[in-house]
Each structure stands twice: as structure tokens, then as C-alpha cells.
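Structure below is target30.cif: mmCIF, C-alpha atoms.
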data_entry
loop_
_atom_site.group_PDB
_atom_site.id
_atom_site.type_symbol
_atom_site.label_atom_id
_atom_site.label_comp_id
_atom_site.auth_asym_id
_atom_site.auth_seq_id
_atom_site.Cartn_x
_atom_site.Cartn_y
_atom_site.Cartn_z
ATOM 1 C CA MET A 148 -23.332 56.202 18.709
ATOM 2 C CA SER A 149 -26.983 57.040 18.459
ATOM 3 C CA SER A 150 -29.473 55.778 15.937
ATOM 4 C CA SER A 151 -31.947 57.440 13.674
ATOM 5 C CA THR A 152 -35.311 56.114 14.843
ATOM 6 C CA CYS A 153 -36.314 58.983 17.048
ATOM 7 C CA PHE A 154 -38.266 62.045 16.196
ATOM 8 C CA PRO A 155 -41.630 62.254 14.338
ATOM 9 C CA SER A 156 -44.646 65.891 14.178
ATOM 10 C CA LEU A 157 -45.821 68.258 16.723
ATOM 11 C CA PRO A 158 -46.870 71.711 15.540
ATOM 12 C CA ARG A 159 -44.221 74.206 16.581
ATOM 13 C CA LEU A 160 -46.358 75.840 19.240
ATOM 14 C CA LEU A 161 -44.044 75.452 22.221
ATOM 15 C CA ARG A 162 -40.815 77.200 23.085
ATOM 16 C CA PRO A 163 -37.918 75.447 24.806
ATOM 17 C CA SER A 164 -38.075 75.808 28.584
ATOM 18 C CA PHE A 165 -34.433 76.627 29.050
ATOM 19 C CA THR A 166 -32.422 79.808 28.848
ATOM 20 C CA LYS A 167 -28.832 80.506 27.906
ATOM 21 C CA THR A 168 -26.623 83.117 29.530
ATOM 22 C CA LYS A 169 -23.298 84.511 28.478
ATOM 23 C CA SER A 170 -21.476 82.723 31.268
ATOM 24 C CA SER A 171 -23.012 79.267 31.116
ATOM 25 C CA PRO A 172 -26.188 77.642 29.793
ATOM 26 C CA LYS A 173 -28.923 77.042 32.355
ATOM 27 C CA PHE A 174 -31.947 74.869 31.938
ATOM 28 C CA SER A 175 -35.191 75.004 33.852
ATOM 29 C CA MET A 176 -35.306 71.826 35.913
ATOM 30 C CA SER A 177 -38.000 70.596 38.255
ATOM 31 C CA MET A 178 -38.176 67.545 40.459
ATOM 32 C CA SER A 179 -41.255 65.386 40.915
ATOM 33 C CA GLU A 180 -42.024 61.703 40.896
ATOM 34 C CA ASP A 181 -42.523 61.878 37.125
ATOM 35 C CA PRO A 182 -41.138 65.164 35.772
ATOM 36 C CA VAL A 183 -41.732 64.132 32.149
ATOM 37 C CA ARG A 184 -45.448 63.580 32.706
ATOM 38 C CA GLU A 185 -45.645 66.729 34.829
ATOM 39 C CA TRP A 186 -44.169 68.913 32.071
ATOM 40 C CA ILE A 187 -46.303 67.401 29.293
ATOM 41 C CA LEU A 188 -49.489 67.986 31.312
ATOM 42 C CA SER A 189 -48.573 71.572 32.166
ATOM 43 C CA GLU A 190 -46.191 73.453 29.886
ATOM 44 C CA GLY A 191 -46.794 70.899 27.132
ATOM 45 C CA LYS A 192 -50.464 72.001 27.041
ATOM 46 C CA ALA A 193 -51.805 68.430 27.161
ATOM 47 C CA THR A 194 -54.660 67.364 29.416
ATOM 48 C CA LYS A 195 -54.056 63.632 29.032
ATOM 49 C CA ILE A 196 -51.413 61.201 27.817
ATOM 50 C CA THR A 197 -53.081 58.604 25.636
ATOM 51 C CA LYS A 198 -50.163 56.280 24.864
ATOM 52 C CA ILE A 199 -46.470 55.790 25.657
ATOM 53 C CA SER A 200 -44.502 53.696 23.139
ATOM 54 C CA PRO A 201 -40.829 52.689 23.328
ATOM 55 C CA VAL A 202 -38.647 53.786 20.415
ATOM 56 C CA GLY A 203 -35.679 51.568 19.614
ATOM 57 C CA GLY A 204 -32.394 52.165 17.858
ATOM 58 C CA GLY A 205 -30.143 53.957 20.332
ATOM 59 C CA CYS A 206 -27.438 52.328 22.420
ATOM 60 C CA ILE A 207 -26.766 55.126 24.932
ATOM 61 C CA ASN A 208 -30.231 56.324 25.982
ATOM 62 C CA LEU A 209 -33.756 54.976 26.319
ATOM 63 C CA ALA A 210 -36.334 56.626 24.081
ATOM 64 C CA GLY A 211 -40.094 56.847 23.911
ATOM 65 C CA ARG A 212 -42.996 58.496 22.127
ATOM 66 C CA TYR A 213 -45.658 60.165 24.272
ATOM 67 C CA ASP A 214 -48.975 60.585 22.459
ATOM 68 C CA THR A 215 -51.315 63.196 23.974
ATOM 69 C CA ASP A 216 -54.384 65.223 23.123
ATOM 70 C CA ALA A 217 -51.991 68.103 22.284
ATOM 71 C CA GLY A 218 -49.842 66.073 19.884
ATOM 72 C CA SER A 219 -46.859 63.772 20.296
ATOM 73 C CA PHE A 220 -43.572 64.280 22.117
ATOM 74 C CA PHE A 221 -40.275 62.448 21.880
ATOM 75 C CA VAL A 222 -38.516 61.716 25.175
ATOM 76 C CA LYS A 223 -35.025 60.390 25.839
ATOM 77 C CA THR A 224 -33.873 59.287 29.279
ATOM 78 C CA ASN A 225 -30.570 58.175 30.721
ATOM 79 C CA ARG A 226 -30.570 56.558 34.155
ATOM 80 C CA SER A 227 -26.877 57.087 34.894
ATOM 81 C CA ILE A 228 -25.888 60.469 33.429
ATOM 82 C CA GLY A 229 -26.957 63.847 34.811
ATOM 83 C CA PRO A 230 -28.621 66.612 32.782
ATOM 84 C CA SER A 231 -25.398 68.090 31.358
ATOM 85 C CA MET A 232 -25.358 65.697 28.382
ATOM 86 C CA PHE A 233 -28.933 66.502 27.383
ATOM 87 C CA GLU A 234 -28.398 70.208 28.102
ATOM 88 C CA ALA A 235 -25.597 70.197 25.532
ATOM 89 C CA GLU A 236 -27.752 68.301 23.031
ATOM 90 C CA ALA A 237 -30.590 70.774 23.528
ATOM 91 C CA LEU A 238 -28.273 73.735 22.977
ATOM 92 C CA GLY A 239 -27.075 72.173 19.733
ATOM 93 C CA LEU A 240 -30.566 71.360 18.522
ATOM 94 C CA GLY A 241 -31.711 74.849 19.469
ATOM 95 C CA ALA A 242 -28.858 76.503 17.608
ATOM 96 C CA MET A 243 -29.596 74.505 14.449
ATOM 97 C CA TYR A 244 -33.337 75.080 14.798
ATOM 98 C CA GLU A 245 -32.842 78.827 15.058
ATOM 99 C CA THR A 246 -31.090 78.980 11.666
ATOM 100 C CA GLY A 247 -34.441 78.177 10.020
ATOM 101 C CA THR A 248 -32.731 76.016 7.411
ATOM 102 C CA ILE A 249 -32.652 72.225 7.739
ATOM 103 C CA ARG A 250 -35.266 70.559 9.919
ATOM 104 C CA VAL A 251 -34.251 69.371 13.376
ATOM 105 C CA PRO A 252 -36.402 68.380 16.374
ATOM 106 C CA ASN A 253 -37.142 71.414 18.514
ATOM 107 C CA PRO A 254 -36.009 70.814 22.133
ATOM 108 C CA TYR A 255 -38.503 71.698 24.868
ATOM 109 C CA LYS A 256 -37.298 70.564 28.276
ATOM 110 C CA VAL A 257 -34.262 69.094 30.043
ATOM 111 C CA GLY A 258 -34.214 67.962 33.659
ATOM 112 C CA PRO A 259 -33.079 65.418 36.262
ATOM 113 C CA LEU A 260 -34.910 62.221 37.107
ATOM 114 C CA PRO A 261 -35.793 61.754 40.786
ATOM 115 C CA THR A 262 -34.092 58.352 40.964
ATOM 116 C CA GLY A 263 -30.948 59.574 39.180
ATOM 117 C CA GLY A 264 -30.167 60.332 35.578
ATOM 118 C CA SER A 265 -31.882 62.815 33.303
ATOM 119 C CA PHE A 266 -34.370 63.373 30.499
ATOM 120 C CA ILE A 267 -34.966 65.537 27.443
ATOM 121 C CA ILE A 268 -38.344 66.255 25.837
ATOM 122 C CA MET A 269 -38.494 67.412 22.246
ATOM 123 C CA GLU A 270 -40.617 67.642 19.154
ATOM 124 C CA PHE A 271 -41.687 64.335 17.642
ATOM 125 C CA ILE A 272 -41.117 64.362 13.884
ATOM 126 C CA GLN A 273 -42.993 61.810 11.818
ATOM 127 C CA PHE A 274 -40.435 60.171 9.570
ATOM 128 C CA GLY A 275 -41.202 59.374 5.956
ATOM 129 C CA ALA A 276 -40.833 56.037 4.217
ATOM 130 C CA SER A 277 -37.462 56.818 2.648
ATOM 131 C CA ARG A 278 -34.277 58.682 3.423
ATOM 132 C CA SER A 279 -33.990 62.340 2.474
ATOM 133 C CA ASN A 280 -33.306 63.502 -1.059
ATOM 134 C CA GLN A 281 -29.537 63.876 -1.412
ATOM 135 C CA SER A 282 -29.763 67.142 -3.326
ATOM 136 C CA ASP A 283 -32.101 68.709 -0.758
ATOM 137 C CA LEU A 284 -29.925 67.475 2.090
ATOM 138 C CA GLY A 285 -26.789 68.998 0.582
ATOM 139 C CA ARG A 286 -28.461 72.345 -0.099
ATOM 140 C CA LYS A 287 -30.097 72.670 3.315
ATOM 141 C CA LEU A 288 -26.976 71.595 5.165
ATOM 142 C CA ALA A 289 -25.000 74.254 3.282
ATOM 143 C CA GLU A 290 -27.671 76.824 4.127
ATOM 144 C CA MET A 291 -27.263 75.938 7.806
ATOM 145 C CA HIS A 292 -23.490 76.333 7.563
ATOM 146 C CA LYS A 293 -23.934 79.675 5.837
ATOM 147 C CA ALA A 294 -26.491 80.989 8.335
ATOM 148 C CA GLY A 295 -24.968 79.667 11.566
ATOM 149 C CA LYS A 296 -21.870 81.713 12.367
ATOM 150 C CA SER A 297 -20.131 82.631 15.618
ATOM 151 C CA SER A 298 -18.286 85.814 16.560
ATOM 152 C CA LYS A 299 -16.480 83.899 19.336
ATOM 153 C CA GLY A 300 -14.437 81.765 16.959
ATOM 154 C CA TYR A 301 -14.298 77.978 16.955
ATOM 155 C CA GLY A 302 -15.917 75.917 19.706
ATOM 156 C CA PHE A 303 -19.239 75.946 21.529
ATOM 157 C CA ASP A 304 -20.699 77.342 24.734
ATOM 158 C CA VAL A 305 -20.498 73.932 26.426
ATOM 159 C CA ASN A 306 -18.591 70.706 26.018
ATOM 160 C CA ASN A 307 -20.679 67.842 24.659
ATOM 161 C CA THR A 308 -20.222 64.249 23.518
ATOM 162 C CA ILE A 309 -19.441 62.477 20.264
ATOM 163 C CA GLY A 310 -21.111 59.134 20.825
ATOM 164 C CA SER A 311 -20.220 58.690 24.494
ATOM 165 C CA THR A 312 -16.792 60.311 24.168
ATOM 166 C CA PRO A 313 -16.378 63.786 25.690
ATOM 167 C CA GLN A 314 -15.948 66.490 23.051
ATOM 168 C CA ILE A 315 -14.067 69.575 24.249
ATOM 169 C CA ASN A 316 -15.341 72.841 22.802
ATOM 170 C CA THR A 317 -13.203 75.513 24.477
ATOM 171 C CA TRP A 318 -13.330 78.607 22.271
ATOM 172 C CA SER A 319 -10.373 79.409 20.032
ATOM 173 C CA LEU A 320 -9.746 81.994 17.309
ATOM 174 C CA ASP A 321 -7.386 79.609 15.488
ATOM 175 C CA TRP A 322 -9.046 76.695 13.675
ATOM 176 C CA VAL A 323 -5.850 74.702 13.091
ATOM 177 C CA GLN A 324 -4.988 74.998 16.780
ATOM 178 C CA PHE A 325 -8.539 74.078 17.818
ATOM 179 C CA TYR A 326 -8.729 71.035 15.569
ATOM 180 C CA GLY A 327 -5.246 69.875 16.472
ATOM 181 C CA GLU A 328 -5.749 70.186 20.228
ATOM 182 C CA HIS A 329 -9.433 69.564 20.919
ATOM 183 C CA ARG A 330 -10.205 67.082 18.169
ATOM 184 C CA LEU A 331 -7.181 65.073 17.026
ATOM 185 C CA GLY A 332 -5.041 65.699 20.109
ATOM 186 C CA TYR A 333 -7.786 64.728 22.536
ATOM 187 C CA GLN A 334 -8.509 61.464 20.716
ATOM 188 C CA LEU A 335 -4.816 60.605 20.407
ATOM 189 C CA LYS A 336 -4.305 61.097 24.142
ATOM 190 C CA LEU A 337 -7.378 58.982 24.826
ATOM 191 C CA ALA A 338 -5.916 56.154 22.715
ATOM 192 C CA LEU A 339 -2.671 56.413 24.646
ATOM 193 C CA ASP A 340 -4.446 56.325 28.000
ATOM 194 C CA ARG A 341 -6.934 53.609 27.044
ATOM 195 C CA TYR A 342 -4.764 51.244 25.042
ATOM 196 C CA GLY A 343 -1.207 52.369 25.742
ATOM 197 C CA ASP A 344 -0.938 52.990 22.001
ATOM 198 C CA ARG A 345 2.201 55.106 21.901
ATOM 199 C CA THR A 346 2.746 54.510 18.173
ATOM 200 C CA ILE A 347 -0.495 56.116 17.043
ATOM 201 C CA TYR A 348 -0.108 58.840 19.672
ATOM 202 C CA GLU A 349 3.405 59.873 18.639
ATOM 203 C CA LYS A 350 2.759 59.664 14.899
ATOM 204 C CA GLY A 351 -0.520 61.489 15.329
ATOM 205 C CA GLN A 352 1.186 64.299 17.219
ATOM 206 C CA ARG A 353 3.701 64.629 14.390
ATOM 207 C CA LEU A 354 0.781 65.006 12.002
ATOM 208 C CA VAL A 355 -0.843 67.674 14.208
ATOM 209 C CA LYS A 356 2.397 69.677 14.200
ATOM 210 C CA SER A 357 2.777 69.338 10.411
ATOM 211 C CA MET A 358 -0.765 69.861 9.120
ATOM 212 C CA GLY A 359 -0.706 73.657 8.818
ATOM 213 C CA PRO A 360 0.086 73.737 5.060
ATOM 214 C CA LEU A 361 -3.176 71.888 4.322
ATOM 215 C CA PHE A 362 -4.987 75.121 5.212
ATOM 216 C CA ALA A 363 -2.932 77.516 3.105
ATOM 217 C CA ASN A 364 -5.021 79.917 0.982
ATOM 218 C CA VAL A 365 -8.247 78.701 2.612
ATOM 219 C CA VAL A 366 -10.904 81.029 3.998
ATOM 220 C CA ILE A 367 -12.155 79.352 7.181
ATOM 221 C CA GLU A 368 -15.212 80.688 8.979
ATOM 222 C CA PRO A 369 -16.702 79.285 12.202
ATOM 223 C CA CYS A 370 -19.847 77.581 10.875
ATOM 224 C CA LEU A 371 -22.433 75.790 12.968
ATOM 225 C CA LEU A 372 -21.828 72.056 12.490
ATOM 226 C CA HIS A 373 -24.038 69.112 13.353
ATOM 227 C CA GLY A 374 -20.806 67.356 14.262
ATOM 228 C CA ASP A 375 -21.848 63.689 13.962
ATOM 229 C CA LEU A 376 -23.496 63.464 10.569
ATOM 230 C CA TRP A 377 -23.724 59.805 9.612
ATOM 231 C CA SER A 378 -26.569 57.826 8.047
ATOM 232 C CA GLY A 379 -28.132 56.972 11.419
ATOM 233 C CA ASN A 380 -28.577 60.672 12.188
ATOM 234 C CA ILE A 381 -30.141 61.582 8.842
ATOM 235 C CA SER A 382 -33.757 60.993 7.887
ATOM 236 C CA SER A 383 -36.716 62.727 6.251
ATOM 237 C CA ASP A 384 -40.096 63.844 7.493
ATOM 238 C CA LYS A 385 -43.433 62.694 6.070
ATOM 239 C CA ASN A 386 -43.188 65.392 3.385
ATOM 240 C CA GLY A 387 -39.775 64.188 2.245
ATOM 241 C CA GLU A 388 -37.849 67.097 3.772
ATOM 242 C CA PRO A 389 -34.453 66.167 5.236
ATOM 243 C CA VAL A 390 -34.154 65.881 9.015
ATOM 244 C CA ILE A 391 -30.934 65.674 11.025
ATOM 245 C CA LEU A 392 -30.789 64.710 14.700
ATOM 246 C CA ASP A 393 -28.618 63.559 17.606
ATOM 247 C CA PRO A 394 -25.985 66.273 17.092
ATOM 248 C CA ALA A 395 -22.569 66.953 18.587
ATOM 249 C CA CYS A 396 -22.661 70.632 17.642
ATOM 250 C CA TYR A 397 -19.861 73.162 17.597
ATOM 251 C CA TYR A 398 -18.662 75.996 15.358
ATOM 252 C CA GLY A 399 -15.908 74.867 13.034
ATOM 253 C CA HIS A 400 -14.644 74.636 9.471
ATOM 254 C CA SER A 401 -17.557 73.610 7.275
ATOM 255 C CA GLU A 402 -15.552 70.758 5.723
ATOM 256 C CA ALA A 403 -15.283 69.051 9.120
ATOM 257 C CA GLU A 404 -18.981 68.197 8.725
ATOM 258 C CA PHE A 405 -17.994 65.537 6.182
ATOM 259 C CA GLY A 406 -15.743 63.659 8.593
ATOM 260 C CA MET A 407 -18.307 60.863 8.907
ATOM 261 C CA SER A 408 -18.898 60.644 5.148
ATOM 262 C CA TRP A 409 -17.441 57.130 5.172
ATOM 263 C CA CYS A 410 -20.679 55.959 6.755
ATOM 264 C CA ALA A 411 -23.088 58.681 5.641
ATOM 265 C CA GLY A 412 -23.699 57.724 2.009
ATOM 266 C CA PHE A 413 -23.193 61.205 0.565
ATOM 267 C CA GLY A 414 -23.306 61.025 -3.243
ATOM 268 C CA GLY A 415 -22.473 63.317 -6.124
ATOM 269 C CA THR A 416 -25.811 65.148 -6.054
ATOM 270 C CA PHE A 417 -25.313 65.903 -2.353
ATOM 271 C CA TYR A 418 -21.942 67.565 -2.930
ATOM 272 C CA ASP A 419 -23.079 69.351 -6.109
ATOM 273 C CA SER A 420 -25.961 70.978 -4.235
ATOM 274 C CA TYR A 421 -23.840 71.745 -1.201
ATOM 275 C CA PHE A 422 -21.106 73.498 -3.183
ATOM 276 C CA LYS A 423 -23.612 75.656 -5.040
ATOM 277 C CA VAL A 424 -24.341 77.328 -1.703
ATOM 278 C CA MET A 425 -20.940 76.901 -0.010
ATOM 279 C CA PRO A 426 -18.292 76.957 -2.775
ATOM 280 C CA LYS A 427 -15.569 74.328 -2.608
ATOM 281 C CA GLN A 428 -12.313 75.652 -1.141
ATOM 282 C CA PRO A 429 -8.858 74.961 -2.627
ATOM 283 C CA GLY A 430 -7.401 71.724 -1.237
ATOM 284 C CA PHE A 431 -10.757 70.222 -0.220
ATOM 285 C CA GLU A 432 -9.757 66.723 -1.338
ATOM 286 C CA GLU A 433 -6.408 66.940 0.476
ATOM 287 C CA ARG A 434 -8.134 67.776 3.778
ATOM 288 C CA ARG A 435 -10.921 65.220 3.507
ATOM 289 C CA ASP A 436 -9.030 62.391 5.233
ATOM 290 C CA LEU A 437 -7.838 64.731 7.980
ATOM 291 C CA TYR A 438 -11.447 65.317 8.998
ATOM 292 C CA MET A 439 -12.275 61.627 8.741
ATOM 293 C CA LEU A 440 -9.355 60.872 11.045
ATOM 294 C CA TYR A 441 -11.095 62.424 14.044
ATOM 295 C CA HIS A 442 -14.016 60.048 13.699
ATOM 296 C CA TYR A 443 -11.875 56.991 12.974
ATOM 297 C CA LEU A 444 -9.921 57.753 16.149
ATOM 298 C CA ASN A 445 -13.162 58.153 18.077
ATOM 299 C CA HIS A 446 -14.430 54.812 16.771
ATOM 300 C CA TYR A 447 -11.123 53.231 17.770
ATOM 301 C CA ASN A 448 -11.521 54.617 21.291
ATOM 302 C CA LEU A 449 -15.192 53.620 21.504
ATOM 303 C CA PHE A 450 -15.262 50.265 19.748
ATOM 304 C CA GLY A 451 -11.739 48.905 19.704
ATOM 305 C CA SER A 452 -8.942 47.883 17.387
ATOM 306 C CA GLY A 453 -11.069 47.286 14.285
ATOM 307 C CA TYR A 454 -10.789 50.998 13.474
ATOM 308 C CA ARG A 455 -7.113 51.425 14.320
ATOM 309 C CA SER A 456 -5.784 50.469 10.874
ATOM 310 C CA SER A 457 -7.943 53.081 9.130
ATOM 311 C CA ALA A 458 -6.733 55.797 11.481
ATOM 312 C CA MET A 459 -3.129 54.661 11.243
ATOM 313 C CA SER A 460 -3.264 54.544 7.440
ATOM 314 C CA ILE A 461 -4.463 58.153 7.258
ATOM 315 C CA ILE A 462 -1.741 59.315 9.653
ATOM 316 C CA ASP A 463 0.998 57.461 7.782
ATOM 317 C CA ASP A 464 -0.133 58.789 4.391
ATOM 318 C CA TYR A 465 -0.047 62.374 5.608
ATOM 319 C CA LEU A 466 3.350 61.921 7.273
ATOM 320 C CA ILE A 467 4.750 60.548 4.026
ATOM 321 C CA SER A 468 3.342 63.455 2.024
ATOM 322 C CA PHE A 469 4.712 65.970 4.548
ATOM 323 C CA ARG A 470 8.009 64.071 4.894
ATOM 324 C CA ALA A 471 7.451 64.562 8.610
#
Once more with this new file: its structure as C-alpha cells, please.
Amino acid sequence: MSSSTCFPSLPRLLRPSFTKTKSSPKFSMSMSEDPVREWILSEGKATKITKISPVGGGCINLAGRYDTDAGSFFVKTNRSIGPSMFEAEALGLGAMYETGTIRVPNPYKVGPLPTGGSFIIMEFIQFGASRSNQSDLGRKLAEMHKAGKSSKGYGFDVNNTIGSTPQINTWSLDWVQFYGEHRLGYQLKLALDRYGDRTIYEKGQRLVKSMGPLFANVVIEPCLLHGDLWSGNISSDKNGEPVILDPACYYGHSEAEFGMSWCAGFGGTFYDSYFKVMPKQPGFEERRDLYMLYHYLNHYNLFGSGYRSSAMSIIDDYLISFRA
């Protein structure tokens, strides 16, 4: 999973150098000995790079701050993964940025590295001294959910990753089917393949087949979700405005955004502000653990057995309540 020490402030004077088509997203990519430097000194409008500083905190990618006479840029590189991962991140950041609601780093450029791997260049946001105000975070997140809607249903234009786990975003018009197959079902199959854990797989599949009643009398719209909203991906800028970063975006039920609340620190003022913009739906509390289950399963698959008991407990509790 990624960490929060990444993006501090470049005036929003540049537009992302990638385009999206109806069939598949395409990003402008160039190859040179140092494509990051090349872009900054051309399309980035800088004439010189004054300092390059490493930025710590992540465990998947390397990160750095490039200071120039045109402002600062944030750059992530990965020496083993091609551009598709950063292309998906840029699409997510761009979609959130375009809502004009909560602040996210504006993505500028994605491309391959000449020695293998890939890079992404984006806005550098100067973080403040403290985390974002919970009330402001809740309100702005709800505004993003309200503004970001899709006519295609649930999913996203590309698959992406949740941590380092593939996240399948094939479009569907049925939320319960989408969540059961591409979220819970995918993670359950991964646990079976990775650990041979037939118990959690079979019980989890029983839950997927039985969970329909949890969504009775609920109006579900495909809202733009950050997708991986935990404390490490939440910060504030130097003016105290909330910033969210390192997304795993897709369009889904707004409540799924709270699936990482067990390590996000959301308090009462956060939810109060959120529900003033996006009213609470009937059965919210009954569905809360179902959305946490996806992330507990992902942590089990990423980090091992320490998360299995939490996932298993949620599954068992639902099966008991459903008598399934």
C-alpha cells in the first residue's frame, strides 16, 4: 500500500499530456535517456532543474520532488512495471480533479523509462503541518461522490491496482453483481490460489450469493470513488484544505468508499458532514462490514494470515444473520 508523503504546490498552469478515447485510454509517451527531465524542460515550461530530492513513504514505487524555475513537480517511478499502472492512476486522479471538489494532485505525464519500468509526473502539493479537518474532508468527499457520476454503470475505463493487487473494473449495470464478482469474488479466488484457503473461499462465495437483501430499498448510483481511502492517502495542503492521493478509482456505491475506515480515522464530524451532502441510506450500518471485507481480504492476500481472522469473522457473522 502506498504512503501519504507525496505531493506538495505548483500553480495549475499545465494540462495533462495524455488523452482518453472511448475504446481505451492512451497516454503520450516519449523515449529518451531521461524522459522525466526532458518533459520538465519542455512541456513543463522549466528552463532548469535546481534540485531533486527523494520523497520517502511508499513501498511500491520510488518518489522524488523536482524543484525548477517553473515550480515543483512530484515524480514517481517503478523500475519493474510498465506504464499501465501509472496510466490507470493518472486516469483516476484526472477524473477526481475534473470534479472540482476535493483537492488531488493534477497528473501531467506518464511514460516508459528507457531501461525498463515507467514514470508519472504530477503536481507537487505542499502539505500542511496537520491532517485535514474531518468536517471539511467529509463534505468535500461527499461533493466528489455527488459530482462524479457515470452513465456506463459500475466500473472504470481501465483495470487498476489496490495496493499491488489487480483490481478488475469491467463495466456492469448491476452493483451487487459487480461487487460480488469483481471485488469479493476476485479476492476470494486469490486467497484460494495463493494459500489454498478453501474454507474462506467457500464461505465467502456463500456470502456473495446471499448478500442481495442487504441492498433492498437502497438507491445506488455509480459514484466516482477514490477506492483506497485510508489515513496514509489523506492529508491537507498548506492552507488546511483536505487532499487525497494514491487512488484506486472506479465508479461504485458511495458507501464502498468507507471500506478502509478501520484504518482511516473517520470520526463523527466526518460522517455528519458527509451525510449532509449525501444522505445516509437505509441499512448503512448493516452494509458497513461488507465493504470492509474487500479490504480485509486484500490485506490477507497482500500481507498474510494476520488479516484472515478479521475477514473470516465478517463472513461468519453475515452467514449467521442470513442463515446461509
Next item on the list: Carefully work through the PyMOL selection byres ((chain A and resi 321) around 12) for this structure and note down the residues it includes, as a PyMOL selection string.
Entry: chain A and resi 299-302+317-320+322-329+359+362+367-369+398-400
Note to self: Using only C-alpha atoms for the distances, tell me which of A:Arg250, A:Arg455, A:Arg226, A:Arg434 is nearest to Gly406 (chain A).
What the structure shows: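 The closest residue to Gly406 (chain A) is A:Arg434.
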Next item on the list: Evaluate the PyMOL selection byres ((chain A and resi 365) around 9) and record the selected residues as a PyMOL selection string, following the chain and residue labels used in the document.
Entry: chain A and resi 361-364+366-367+428-430
Atoms kept (C-alpha atoms) for selection, written as an mmCIF file, in the coordinates of the input:
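Saved to selection.cif:
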data_model
loop_
_atom_site.group_PDB
_atom_site.id
_atom_site.type_symbol
_atom_site.label_atom_id
_atom_site.label_comp_id
_atom_site.auth_asym_id
_atom_site.auth_seq_id
_atom_site.Cartn_x
_atom_site.Cartn_y
_atom_site.Cartn_z
ATOM 1 C CA LEU A 361 -3.176 71.888 4.322
ATOM 2 C CA PHE A 362 -4.987 75.121 5.212
ATOM 3 C CA ALA A 363 -2.932 77.516 3.105
ATOM 4 C CA ASN A 364 -5.021 79.917 0.982
ATOM 5 C CA VAL A 366 -10.904 81.029 3.998
ATOM 6 C CA ILE A 367 -12.155 79.352 7.181
ATOM 7 C CA GLN A 428 -12.313 75.652 -1.141
ATOM 8 C CA PRO A 429 -8.858 74.961 -2.627
ATOM 9 C CA GLY A 430 -7.401 71.724 -1.237
#
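Interatomic distance, CA of Pro254 (chain A) to CA of Leu238 (chain A): 8.3 Å.
Running the PyMOL selection byres ((chain A and resi 463) around 12) on this file leaves Thr346, Ile347, Glu349, Lys350, Gly351, Gln352, Arg353, Leu354, Asp436, Leu437, Leu440, Ser456, Ser457, Ala458, Met459, Ser460, Ile461, Ile462, Asp464, Tyr465, Leu466, Ile467, Ser468, Phe469, Arg470 and Ala471 of chain A selected.
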Checklist line | From A:Asp304, A:Glu180, A:Asp283, A:Glu404, residue lying nearest Ser383 (chain A) [only C-alpha atoms] | finding: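 Looking only at the distances to Ser383 (chain A), the closest residue turns out to be A:Asp283.
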Note to self: Quick check, in Å to one decimal: how far apart do CA of Arg286 (chain A) and CA of Gln273 (chain A) lie?
What the structure shows: 21.5 Å
Next item on the list: Using all atoms listed in the file, find all polymer residues with an atom at most 9 Å away from the point (-31.9, 65.1, 14.1); report them as number ranges by chain.
Entry: A: 151, 153-154, 240, 250-252, 373, 380-382, 390-394
With C-alpha atoms retained, could you export that selection as an mmCIF file, in the coordinates of the input?
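Once written, again_19.cif looks like this:
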data_model
loop_
_atom_site.group_PDB
_atom_site.id
_atom_site.type_symbol
_atom_site.label_atom_id
_atom_site.label_comp_id
_atom_site.auth_asym_id
_atom_site.auth_seq_id
_atom_site.Cartn_x
_atom_site.Cartn_y
_atom_site.Cartn_z
ATOM 1 C CA SER A 151 -31.947 57.440 13.674
ATOM 2 C CA CYS A 153 -36.314 58.983 17.048
ATOM 3 C CA PHE A 154 -38.266 62.045 16.196
ATOM 4 C CA LEU A 240 -30.566 71.360 18.522
ATOM 5 C CA ARG A 250 -35.266 70.559 9.919
ATOM 6 C CA VAL A 251 -34.251 69.371 13.376
ATOM 7 C CA PRO A 252 -36.402 68.380 16.374
ATOM 8 C CA HIS A 373 -24.038 69.112 13.353
ATOM 9 C CA ASN A 380 -28.577 60.672 12.188
ATOM 10 C CA ILE A 381 -30.141 61.582 8.842
ATOM 11 C CA SER A 382 -33.757 60.993 7.887
ATOM 12 C CA VAL A 390 -34.154 65.881 9.015
ATOM 13 C CA ILE A 391 -30.934 65.674 11.025
ATOM 14 C CA LEU A 392 -30.789 64.710 14.700
ATOM 15 C CA ASP A 393 -28.618 63.559 17.606
ATOM 16 C CA PRO A 394 -25.985 66.273 17.092
#
Next item on the list: Mind checking which residues fall within 10 Å of Ala294 (chain A), counting only C-alpha atoms, ignoring those fewer than 5 positions away in the same chain, and posting them as a VMD selection string?
Entry: chain A and resid 243 245 to 248 288 to 289 370 to 371
Check: Of the residues A:Thr194, A:Pro389, A:Ala403, A:Gly414, which is the one nearest to Asn280 (chain A), using only C-alpha atoms?
Finding: A:Pro389
Next item on the list: Go through A:Leu209, A:Ala242, A:Leu339, A:Ala276 one by one, measure the shortest atom-to-atom distance of each to Phe221 (chain A) using only C-alpha atoms, and give the residue with the smallest value.
Entry: A:Leu209
Next item on the list: Calculate how many Å separate CA of Ala235 (chain A) from CA of Pro313 (chain A), rounding to one decimal.
Entry: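 Interatomic distance, CA of Ala235 (chain A) to CA of Pro313 (chain A): 11.2 Å.
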Margin query: Here is a test: counting only C-alpha atoms, which residue of A:Lys198, A:Lys223, A:Lys192, A:Lys385 is nearest to Gly211 (chain A)?
Written below: A:Lys223
